[in-house]
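Scroll down for the structure; my scribbles are underneath it.
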Amino acid sequence: MDNVSKILVVDDTPANLKVITEILSRENFKVSVAISGERALKRLESYIPDLILLDIQMPGINGFETCQAIKEMDHIADIPIIFITALSDTSNILKGFSLGAVDYISKPFKEVELLARVKTHLKLYSLNQSLETQIAERTLKLEDTTTQLQTTLDQLQASQLSLIQHEKMSALGNLVAGIAHEINNPLSFLSGNISELKVSLEEMTDYIQLYERIYPSPGEEITEKRRQVDLDFLLQDLPKMLSSMEMGCDRLQNISTSLRAFSRSDIASKIEANVHQLLDSTLLLLKYRLQTKNNVRPEIQVIRTYGDLPEIKCFPGQLNQVFMNLFANAIDMFDELAEENSFESLKTRPQQITVQTDCLNDKDIIIKISDNGKGMPATVRSRIFDRQFTTKVVGKGTGLGLTIAKQIIEEKHGGQITVNSIPDQGTDFIVTLPI
Ligand SMILES: Nc1ncnc2c1ncn2[C@@H]1O[C@H](COP(=O)(O)OP(=O)(O)OP(=O)(O)O)[C@@H](O)[C@H]1O
Ligand SMILES: [Mg+2]
């Protein structure tokens with residue numbers, strides 16, 4: 001058996017030590033001895049037995065004090081201690097138990113009794129230890145599983161959030177595509193008829209002019225009617241009216257094109273897109289939010305300084321989502337500012353969103369979206385890209401916008417998004433994207 005139990009016997013009487021050692025050795029225990037409490041403690045600094053037999057009455061520190069000292073040493077505090085006592089009075093036995101002893105043997109002892117007690121406590125001790133190891137192992141496993149569960153939960157939450165956001169965007173994309181389609185139909189017969197109408201009007205004008213040349217005096221009634229309808233003015237004004245109707249149609253056409261650019265959100269691979277068109281169509285959708293809120297907030301001005309950009313390979317729908325959030329954040333901030341300040345004081349300093357674009361080099365473009373609003377303190381600025389960080393009231397912000405923006409720019413496009421912000425001066429978001 002390689003697992004021989006080690007027993008330390010502490011007694012100041014050499015004869016006792018000898019007898020006990022003999023009995024235990026016969027049973028194949030590995031026995032060490034100490035002839036005083038001090039020696040025992042010294043020994044226990046480096047030697048760890050499985051059980052201690054401890055005499056109570058000893059010169060120097062007695063058995064009780066030795067026991068107390070052992071219980072204070074973490075690495076051996078759990079080792080079972082059996083007192084050996086000549087005193088059979090109950091108070092000493094009780095004191096021994098209260099100090100943490102597991103049992104006692106009274107002198108003179110019988111060999112069978114000594115062995116029975118020693119073996120029982122060794123067995124209990126070893127059972128106890130294996131139980132503790134098992135508990136420790138299971139606790140560790142449990143902790144492991146908990147961490148795994150937490151990670152899975154985090155991942156689930158993240159994908160759930162981006163699903164929601166994606167759903168929102170594609171629903172919006174579909175709606176916008178539908179609207180663009182609905183506009184296109186009536187628009188095409190409006191603009192088709194207007195050009196027909198222009199030709200017809202010219203022909204009618206020709207006809208009237210010819211008629212008047214041939215019949216310069218058509219009679220009282222016709223001359224009177226001509227004056228009443230102010231024919232000269234009509235003939236002059238009708239073409240102008242038609243021109244402005246044509247312009248209106250062109251504008252509608254542009255809006256429809258922008259809307260369609262915005263709605264292309266669900267494509268699987270990157271396509272070449274015009275970033276300015278994406279920015280414009282997003283701003284178009286936000287137009288009503290930029291307008292003045294009567295007596296609450298003046299109109300938000302948008303200043304576009306567009307550089308000469310090539311088309312870039314990207315997911316246009318996703319970039320729209322990023323721009324949408326950056327603009328919406330600035331508008332939200334101006335709305336908040338309006339709650340804190342009077343309309344008059346806001347009018348003294350125009351509220352502006354500036355959009356600047358440029359080529360950074362021949363590989364990257366840069367898009368800077370700035371506002372001259374509230375700015376952010378460092379404590380907010382350092383957390384804005386964190387998932388679910390928002391300073392907005394419940395129901396207004398989910399705190400996902402910038403997290404998703406960062407994911408789209410950095411992970412989906414290999415670009416970068418950074419922020420500069422100074423309280424009371426404003427905020428810049430700088431996006432760089434590879435061409
Ligand atoms: N232009 C800005 N000026 C001042 N603070 C801003 C600006 N843009 C963002 N922030 C701050 O960053 C926070 C996080 O923005 P983010 O877009 O991630 O979430 P949100 O707008 O609060 O909610 P969500 O976009 O999900 O509706 C905002 O709550 C706001 O405090
Ligand atoms: Mg937002």
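Following the order of the structure tokens, first chain is A, next is B, and so on, with residues numbered from 1 inside each chain and ligands from 1 in the order they appear.
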
Counting only C-alpha atoms and all ligand atoms, what are the residues, protein, DNA or RNA alike, that approach ligand 1 to within 6 Å? I want them as a PDB file with all heavy atoms, in the first residue's frame.
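The resulting file, out06.pdb, is reproduced below:
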ATOM      1  N   ASN A 325     -28.402  57.146 -38.285  1.00  0.00           N
ATOM      2  CA  ASN A 325     -28.241  57.248 -36.841  1.00  0.00           C
ATOM      3  C   ASN A 325     -27.420  58.471 -36.450  1.00  0.00           C
ATOM      4  O   ASN A 325     -27.733  59.147 -35.476  1.00  0.00           O
ATOM      5  CB  ASN A 325     -27.620  55.975 -36.261  1.00  0.00           C
ATOM      6  CG  ASN A 325     -27.563  56.043 -34.758  1.00  0.00           C
ATOM      7  OD1 ASN A 325     -28.581  56.188 -34.091  1.00  0.00           O
ATOM      8  ND2 ASN A 325     -26.361  55.996 -34.211  1.00  0.00           N
ATOM      9  N   ASN A 329     -29.057  61.271 -34.213  1.00  0.00           N
ATOM     10  CA  ASN A 329     -28.474  61.618 -32.907  1.00  0.00           C
ATOM     11  C   ASN A 329     -28.296  63.131 -32.781  1.00  0.00           C
ATOM     12  O   ASN A 329     -28.585  63.714 -31.739  1.00  0.00           O
ATOM     13  CB  ASN A 329     -27.112  60.945 -32.731  1.00  0.00           C
ATOM     14  CG  ASN A 329     -27.237  59.488 -32.313  1.00  0.00           C
ATOM     15  OD1 ASN A 329     -28.325  59.037 -31.959  1.00  0.00           O
ATOM     16  ND2 ASN A 329     -26.135  58.764 -32.366  1.00  0.00           N
ATOM     17  N   ALA A 330     -27.807  63.766 -33.849  1.00  0.00           N
ATOM     18  CA  ALA A 330     -27.592  65.217 -33.805  1.00  0.00           C
ATOM     19  C   ALA A 330     -28.937  65.939 -33.652  1.00  0.00           C
ATOM     20  O   ALA A 330     -29.067  66.875 -32.857  1.00  0.00           O
ATOM     21  CB  ALA A 330     -26.855  65.680 -35.061  1.00  0.00           C
ATOM     22  N   MET A 333     -30.238  65.596 -30.195  1.00  0.00           N
ATOM     23  CA  MET A 333     -29.492  66.472 -29.299  1.00  0.00           C
ATOM     24  C   MET A 333     -30.005  67.915 -29.416  1.00  0.00           C
ATOM     25  O   MET A 333     -30.193  68.599 -28.414  1.00  0.00           O
ATOM     26  CB  MET A 333     -28.002  66.349 -29.628  1.00  0.00           C
ATOM     27  CG  MET A 333     -27.078  67.251 -28.879  1.00  0.00           C
ATOM     28  SD  MET A 333     -26.970  68.858 -29.653  1.00  0.00           S
ATOM     29  CE  MET A 333     -26.462  68.415 -31.306  1.00  0.00           C
ATOM     30  N   LYS A 374     -24.587  70.458 -28.132  1.00  0.00           N
ATOM     31  CA  LYS A 374     -24.214  70.303 -26.730  1.00  0.00           C
ATOM     32  C   LYS A 374     -22.848  69.701 -26.471  1.00  0.00           C
ATOM     33  O   LYS A 374     -22.243  69.944 -25.446  1.00  0.00           O
ATOM     34  CB  LYS A 374     -25.224  69.333 -26.077  1.00  0.00           C
ATOM     35  CG  LYS A 374     -26.535  69.937 -25.746  1.00  0.00           C
ATOM     36  CD  LYS A 374     -27.082  69.324 -24.488  1.00  0.00           C
ATOM     37  CE  LYS A 374     -27.785  68.005 -24.716  1.00  0.00           C
ATOM     38  NZ  LYS A 374     -28.686  67.651 -23.597  1.00  0.00           N
ATOM     39  N   GLY A 375     -22.388  68.851 -27.376  1.00  0.00           N
ATOM     40  CA  GLY A 375     -21.172  68.112 -27.097  1.00  0.00           C
ATOM     41  C   GLY A 375     -21.413  67.097 -25.994  1.00  0.00           C
ATOM     42  O   GLY A 375     -22.535  66.934 -25.529  1.00  0.00           O
ATOM     43  N   MET A 376     -20.343  66.415 -25.595  1.00  0.00           N
ATOM     44  CA  MET A 376     -20.503  65.386 -24.552  1.00  0.00           C
ATOM     45  C   MET A 376     -19.374  65.503 -23.546  1.00  0.00           C
ATOM     46  O   MET A 376     -18.235  65.767 -23.932  1.00  0.00           O
ATOM     47  CB  MET A 376     -20.376  63.987 -25.163  1.00  0.00           C
ATOM     48  CG  MET A 376     -21.483  63.564 -26.050  1.00  0.00           C
ATOM     49  SD  MET A 376     -21.009  62.012 -26.829  1.00  0.00           S
ATOM     50  CE  MET A 376     -20.881  62.523 -28.519  1.00  0.00           C
ATOM     51  N   ILE A 384     -20.086  55.876 -25.581  1.00  0.00           N
ATOM     52  CA  ILE A 384     -21.161  55.921 -26.580  1.00  0.00           C
ATOM     53  C   ILE A 384     -21.209  54.718 -27.518  1.00  0.00           C
ATOM     54  O   ILE A 384     -22.252  54.392 -28.041  1.00  0.00           O
ATOM     55  CB  ILE A 384     -21.119  57.212 -27.434  1.00  0.00           C
ATOM     56  CG1 ILE A 384     -19.760  57.386 -28.062  1.00  0.00           C
ATOM     57  CG2 ILE A 384     -21.520  58.410 -26.611  1.00  0.00           C
ATOM     58  CD1 ILE A 384     -19.719  58.532 -29.051  1.00  0.00           C
ATOM     59  N   PHE A 385     -20.053  54.049 -27.721  1.00  0.00           N
ATOM     60  CA  PHE A 385     -20.080  52.884 -28.612  1.00  0.00           C
ATOM     61  C   PHE A 385     -20.442  51.604 -27.870  1.00  0.00           C
ATOM     62  O   PHE A 385     -20.534  50.548 -28.469  1.00  0.00           O
ATOM     63  CB  PHE A 385     -18.725  52.723 -29.323  1.00  0.00           C
ATOM     64  CG  PHE A 385     -18.431  53.838 -30.296  1.00  0.00           C
ATOM     65  CD1 PHE A 385     -17.454  54.783 -30.021  1.00  0.00           C
ATOM     66  CD2 PHE A 385     -19.144  53.952 -31.482  1.00  0.00           C
ATOM     67  CE1 PHE A 385     -17.187  55.808 -30.906  1.00  0.00           C
ATOM     68  CE2 PHE A 385     -18.888  54.972 -32.377  1.00  0.00           C
ATOM     69  CZ  PHE A 385     -17.903  55.913 -32.087  1.00  0.00           C
ATOM     70  N   PHE A 389     -25.757  51.688 -24.336  1.00  0.00           N
ATOM     71  CA  PHE A 389     -25.507  52.923 -23.580  1.00  0.00           C
ATOM     72  C   PHE A 389     -26.308  54.059 -24.212  1.00  0.00           C
ATOM     73  O   PHE A 389     -26.164  54.354 -25.395  1.00  0.00           O
ATOM     74  CB  PHE A 389     -24.026  53.294 -23.576  1.00  0.00           C
ATOM     75  CG  PHE A 389     -23.800  54.633 -22.929  1.00  0.00           C
ATOM     76  CD1 PHE A 389     -23.777  54.750 -21.543  1.00  0.00           C
ATOM     77  CD2 PHE A 389     -23.675  55.798 -23.691  1.00  0.00           C
ATOM     78  CE1 PHE A 389     -23.624  55.977 -20.927  1.00  0.00           C
ATOM     79  CE2 PHE A 389     -23.523  57.038 -23.083  1.00  0.00           C
ATOM     80  CZ  PHE A 389     -23.494  57.117 -21.703  1.00  0.00           C
ATOM     81  N   THR A 390     -27.163  54.661 -23.435  1.00  0.00           N
ATOM     82  CA  THR A 390     -27.936  55.794 -23.936  1.00  0.00           C
ATOM     83  C   THR A 390     -28.141  56.799 -22.821  1.00  0.00           C
ATOM     84  O   THR A 390     -28.157  56.436 -21.655  1.00  0.00           O
ATOM     85  CB  THR A 390     -29.303  55.336 -24.497  1.00  0.00           C
ATOM     86  OG1 THR A 390     -29.997  56.481 -24.987  1.00  0.00           O
ATOM     87  CG2 THR A 390     -30.156  54.650 -23.442  1.00  0.00           C
ATOM     88  N   THR A 391     -28.265  58.069 -23.192  1.00  0.00           N
ATOM     89  CA  THR A 391     -28.595  59.078 -22.180  1.00  0.00           C
ATOM     90  C   THR A 391     -30.051  59.507 -22.383  1.00  0.00           C
ATOM     91  O   THR A 391     -30.530  60.416 -21.740  1.00  0.00           O
ATOM     92  CB  THR A 391     -27.692  60.320 -22.325  1.00  0.00           C
ATOM     93  OG1 THR A 391     -27.812  60.810 -23.653  1.00  0.00           O
ATOM     94  CG2 THR A 391     -26.246  59.970 -22.029  1.00  0.00           C
ATOM     95  N   LYS A 392     -30.713  58.835 -23.338  1.00  0.00           N
ATOM     96  CA  LYS A 392     -32.079  59.254 -23.662  1.00  0.00           C
ATOM     97  C   LYS A 392     -33.101  58.536 -22.794  1.00  0.00           C
ATOM     98  O   LYS A 392     -32.816  57.463 -22.247  1.00  0.00           O
ATOM     99  CB  LYS A 392     -32.355  58.977 -25.142  1.00  0.00           C
ATOM    100  CG  LYS A 392     -31.468  59.865 -26.015  1.00  0.00           C
ATOM    101  CD  LYS A 392     -31.454  59.483 -27.448  1.00  0.00           C
ATOM    102  CE  LYS A 392     -30.267  60.192 -28.119  1.00  0.00           C
ATOM    103  NZ  LYS A 392     -30.072  59.746 -29.484  1.00  0.00           N
ATOM    104  N   GLY A 397     -34.387  56.166 -26.828  1.00  0.00           N
ATOM    105  CA  GLY A 397     -33.153  55.597 -27.368  1.00  0.00           C
ATOM    106  C   GLY A 397     -32.949  54.195 -26.849  1.00  0.00           C
ATOM    107  O   GLY A 397     -33.282  53.898 -25.711  1.00  0.00           O
ATOM    108  N   THR A 398     -32.412  53.330 -27.717  1.00  0.00           N
ATOM    109  CA  THR A 398     -32.105  51.982 -27.251  1.00  0.00           C
ATOM    110  C   THR A 398     -30.611  51.857 -26.960  1.00  0.00           C
ATOM    111  O   THR A 398     -30.173  50.865 -26.414  1.00  0.00           O
ATOM    112  CB  THR A 398     -32.478  50.936 -28.320  1.00  0.00           C
ATOM    113  OG1 THR A 398     -31.721  51.236 -29.491  1.00  0.00           O
ATOM    114  CG2 THR A 398     -33.939  50.975 -28.634  1.00  0.00           C
ATOM    115  N   GLY A 399     -29.842  52.868 -27.380  1.00  0.00           N
ATOM    116  CA  GLY A 399     -28.399  52.798 -27.142  1.00  0.00           C
ATOM    117  C   GLY A 399     -27.703  51.820 -28.063  1.00  0.00           C
ATOM    118  O   GLY A 399     -26.594  51.388 -27.803  1.00  0.00           O
ATOM    119  N   LEU A 400     -28.358  51.503 -29.174  1.00  0.00           N
ATOM    120  CA  LEU A 400     -27.771  50.539 -30.108  1.00  0.00           C
ATOM    121  C   LEU A 400     -27.169  51.203 -31.334  1.00  0.00           C
ATOM    122  O   LEU A 400     -26.319  50.640 -31.998  1.00  0.00           O
ATOM    123  CB  LEU A 400     -28.855  49.580 -30.610  1.00  0.00           C
ATOM    124  CG  LEU A 400     -29.378  48.589 -29.617  1.00  0.00           C
ATOM    125  CD1 LEU A 400     -30.440  47.731 -30.268  1.00  0.00           C
ATOM    126  CD2 LEU A 400     -28.227  47.741 -29.150  1.00  0.00           C
ATOM    127  N   GLY A 401     -27.648  52.423 -31.615  1.00  0.00           N
ATOM    128  CA  GLY A 401     -27.291  53.080 -32.874  1.00  0.00           C
ATOM    129  C   GLY A 401     -25.803  53.072 -33.160  1.00  0.00           C
ATOM    130  O   GLY A 401     -25.365  52.605 -34.213  1.00  0.00           O
ATOM    131  N   LEU A 402     -25.022  53.582 -32.221  1.00  0.00           N
ATOM    132  CA  LEU A 402     -23.587  53.716 -32.481  1.00  0.00           C
ATOM    133  C   LEU A 402     -22.859  52.378 -32.404  1.00  0.00           C
ATOM    134  O   LEU A 402     -21.854  52.182 -33.076  1.00  0.00           O
ATOM    135  CB  LEU A 402     -22.969  54.728 -31.514  1.00  0.00           C
ATOM    136  CG  LEU A 402     -23.362  56.186 -31.811  1.00  0.00           C
ATOM    137  CD1 LEU A 402     -22.854  57.112 -30.726  1.00  0.00           C
ATOM    138  CD2 LEU A 402     -22.825  56.618 -33.166  1.00  0.00           C
ATOM    139  N   THR A 403     -23.387  51.461 -31.588  1.00  0.00           N
ATOM    140  CA  THR A 403     -22.776  50.126 -31.524  1.00  0.00           C
ATOM    141  C   THR A 403     -22.880  49.475 -32.897  1.00  0.00           C
ATOM    142  O   THR A 403     -21.910  48.920 -33.424  1.00  0.00           O
ATOM    143  CB  THR A 403     -23.537  49.241 -30.515  1.00  0.00           C
ATOM    144  OG1 THR A 403     -23.846  50.025 -29.373  1.00  0.00           O
ATOM    145  CG2 THR A 403     -22.723  48.039 -30.124  1.00  0.00           C
ATOM    146  N   THR A 427     -19.941  68.243 -31.636  1.00  0.00           N
ATOM    147  CA  THR A 427     -19.428  66.880 -31.782  1.00  0.00           C
ATOM    148  C   THR A 427     -19.100  66.604 -33.241  1.00  0.00           C
ATOM    149  O   THR A 427     -19.829  67.025 -34.130  1.00  0.00           O
ATOM    150  CB  THR A 427     -20.513  65.876 -31.318  1.00  0.00           C
ATOM    151  OG1 THR A 427     -20.872  66.182 -29.973  1.00  0.00           O
ATOM    152  CG2 THR A 427     -20.018  64.452 -31.397  1.00  0.00           C
TER     153      THR A 427
END

Residue contacts of Ala69 (chain A) (12 Å, only C-alpha atoms) excluding same-chain residues fewer than 3 positions away, as number ranges by chain = A: 37-38, 40-42, 44-45, 61-66, 72-77, 99-100

Selected residues written out, N, CA and C atoms, as a PDB file, in the first residue's frame:
ATOM      1  N   GLY A  37       5.037  19.914  23.240  1.00  0.00           N
ATOM      2  CA  GLY A  37       4.163  20.696  22.360  1.00  0.00           C
ATOM      3  C   GLY A  37       5.002  21.546  21.413  1.00  0.00           C
ATOM      4  N   GLU A  38       6.061  22.172  21.953  1.00  0.00           N
ATOM      5  CA  GLU A  38       6.915  23.043  21.135  1.00  0.00           C
ATOM      6  C   GLU A  38       7.524  22.263  19.966  1.00  0.00           C
ATOM      7  N   ALA A  40       6.457  19.536  18.667  1.00  0.00           N
ATOM      8  CA  ALA A  40       5.404  19.114  17.728  1.00  0.00           C
ATOM      9  C   ALA A  40       5.095  20.247  16.744  1.00  0.00           C
ATOM     10  N   LEU A  41       4.942  21.453  17.296  1.00  0.00           N
ATOM     11  CA  LEU A  41       4.608  22.591  16.424  1.00  0.00           C
ATOM     12  C   LEU A  41       5.716  22.847  15.418  1.00  0.00           C
ATOM     13  N   LYS A  42       6.957  22.742  15.873  1.00  0.00           N
ATOM     14  CA  LYS A  42       8.110  22.956  15.001  1.00  0.00           C
ATOM     15  C   LYS A  42       8.057  21.946  13.846  1.00  0.00           C
ATOM     16  N   LEU A  44       5.518  20.355  12.682  1.00  0.00           N
ATOM     17  CA  LEU A  44       4.349  20.516  11.805  1.00  0.00           C
ATOM     18  C   LEU A  44       4.513  21.638  10.768  1.00  0.00           C
ATOM     19  N   GLU A  45       5.592  22.401  10.932  1.00  0.00           N
ATOM     20  CA  GLU A  45       5.829  23.437   9.914  1.00  0.00           C
ATOM     21  C   GLU A  45       6.136  22.794   8.566  1.00  0.00           C
ATOM     22  N   ILE A  61       4.288  24.136  26.879  1.00  0.00           N
ATOM     23  CA  ILE A  61       2.887  24.315  26.474  1.00  0.00           C
ATOM     24  C   ILE A  61       2.192  22.959  26.522  1.00  0.00           C
ATOM     25  N   ASN A  62       1.008  22.952  27.135  1.00  0.00           N
ATOM     26  CA  ASN A  62       0.319  21.676  27.326  1.00  0.00           C
ATOM     27  C   ASN A  62      -0.470  21.290  26.076  1.00  0.00           C
ATOM     28  N   GLY A  63      -1.160  20.205  26.163  1.00  0.00           N
ATOM     29  CA  GLY A  63      -1.879  19.680  24.998  1.00  0.00           C
ATOM     30  C   GLY A  63      -2.948  20.627  24.468  1.00  0.00           C
ATOM     31  N   PHE A  64      -3.677  21.258  25.395  1.00  0.00           N
ATOM     32  CA  PHE A  64      -4.714  22.206  24.950  1.00  0.00           C
ATOM     33  C   PHE A  64      -4.121  23.343  24.129  1.00  0.00           C
ATOM     34  N   GLU A  65      -3.019  23.908  24.673  1.00  0.00           N
ATOM     35  CA  GLU A  65      -2.404  25.048  23.963  1.00  0.00           C
ATOM     36  C   GLU A  65      -1.828  24.612  22.618  1.00  0.00           C
ATOM     37  N   THR A  66      -1.269  23.401  22.605  1.00  0.00           N
ATOM     38  CA  THR A  66      -0.721  22.890  21.341  1.00  0.00           C
ATOM     39  C   THR A  66      -1.854  22.739  20.317  1.00  0.00           C
ATOM     40  N   GLU A  72      -4.821  27.096  14.536  1.00  0.00           N
ATOM     41  CA  GLU A  72      -4.600  28.427  13.948  1.00  0.00           C
ATOM     42  C   GLU A  72      -3.720  28.380  12.704  1.00  0.00           C
ATOM     43  N   MET A  73      -3.115  27.203  12.431  1.00  0.00           N
ATOM     44  CA  MET A  73      -2.274  27.110  11.232  1.00  0.00           C
ATOM     45  C   MET A  73      -3.102  26.530  10.092  1.00  0.00           C
ATOM     46  N   ASP A  74      -3.366  27.389   9.085  1.00  0.00           N
ATOM     47  CA  ASP A  74      -4.288  26.999   8.014  1.00  0.00           C
ATOM     48  C   ASP A  74      -3.984  25.651   7.365  1.00  0.00           C
ATOM     49  N   HIS A  75      -2.684  25.377   7.136  1.00  0.00           N
ATOM     50  CA  HIS A  75      -2.362  24.202   6.333  1.00  0.00           C
ATOM     51  C   HIS A  75      -2.572  22.893   7.087  1.00  0.00           C
ATOM     52  N   ILE A  76      -2.715  22.949   8.444  1.00  0.00           N
ATOM     53  CA  ILE A  76      -2.907  21.697   9.193  1.00  0.00           C
ATOM     54  C   ILE A  76      -4.140  21.730  10.095  1.00  0.00           C
ATOM     55  N   ALA A  77      -4.884  22.837  10.004  1.00  0.00           N
ATOM     56  CA  ALA A  77      -6.007  23.014  10.934  1.00  0.00           C
ATOM     57  C   ALA A  77      -7.034  21.873  10.869  1.00  0.00           C
ATOM     58  N   LEU A  99     -11.996  22.729  21.769  1.00  0.00           N
ATOM     59  CA  LEU A  99     -10.824  23.259  21.042  1.00  0.00           C
ATOM     60  C   LEU A  99     -10.690  22.617  19.653  1.00  0.00           C
ATOM     61  N   GLY A 100     -11.555  21.668  19.363  1.00  0.00           N
ATOM     62  CA  GLY A 100     -11.536  21.114  18.005  1.00  0.00           C
ATOM     63  C   GLY A 100     -11.023  19.688  17.921  1.00  0.00           C
TER      64      GLY A 100
END

Selected residue of minimal separation from Phe327 (chain A) among A:Lys368, A:Lys363, A:His181, A:Lys270, counting only C-alpha atoms =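 Of all the options, A:Lys368 lies closest to Phe327 (chain A).
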
Pick from A:Ser243, A:Gln416, A:Asn3, A:Gln321: nearest to ligand 2, with only C-alpha atoms and all ligand atoms counted?
->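 Looking at the shortest contact to ligand 2, the residue is A:Gln321.
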
Can you list every residue in region 16-174 of chain A that DSSP puts in alpha helix (DSSP H), as JSON, numbers by chain?
-> {"A": [16, 17, 18, 19, 20, 21, 22, 23, 24, 25, 26, 37, 38, 39, 40, 41, 42, 43, 44, 63, 64, 65, 66, 67, 68, 69, 70, 71, 72, 90, 91, 92, 93, 94, 95, 96, 97, 98, 111, 112, 113, 114, 115, 116, 117, 118, 119, 120, 121, 122, 123, 124, 125, 126, 127, 128, 129, 130, 131, 132, 133, 134, 135, 136, 137, 138, 139, 140, 141, 142, 143, 144, 145, 146, 147, 148, 149, 150, 151, 152, 153, 154, 155, 156, 157, 158, 159, 160, 161, 162, 163, 164, 165, 166, 167, 168, 169, 170, 171, 172, 173, 174]}
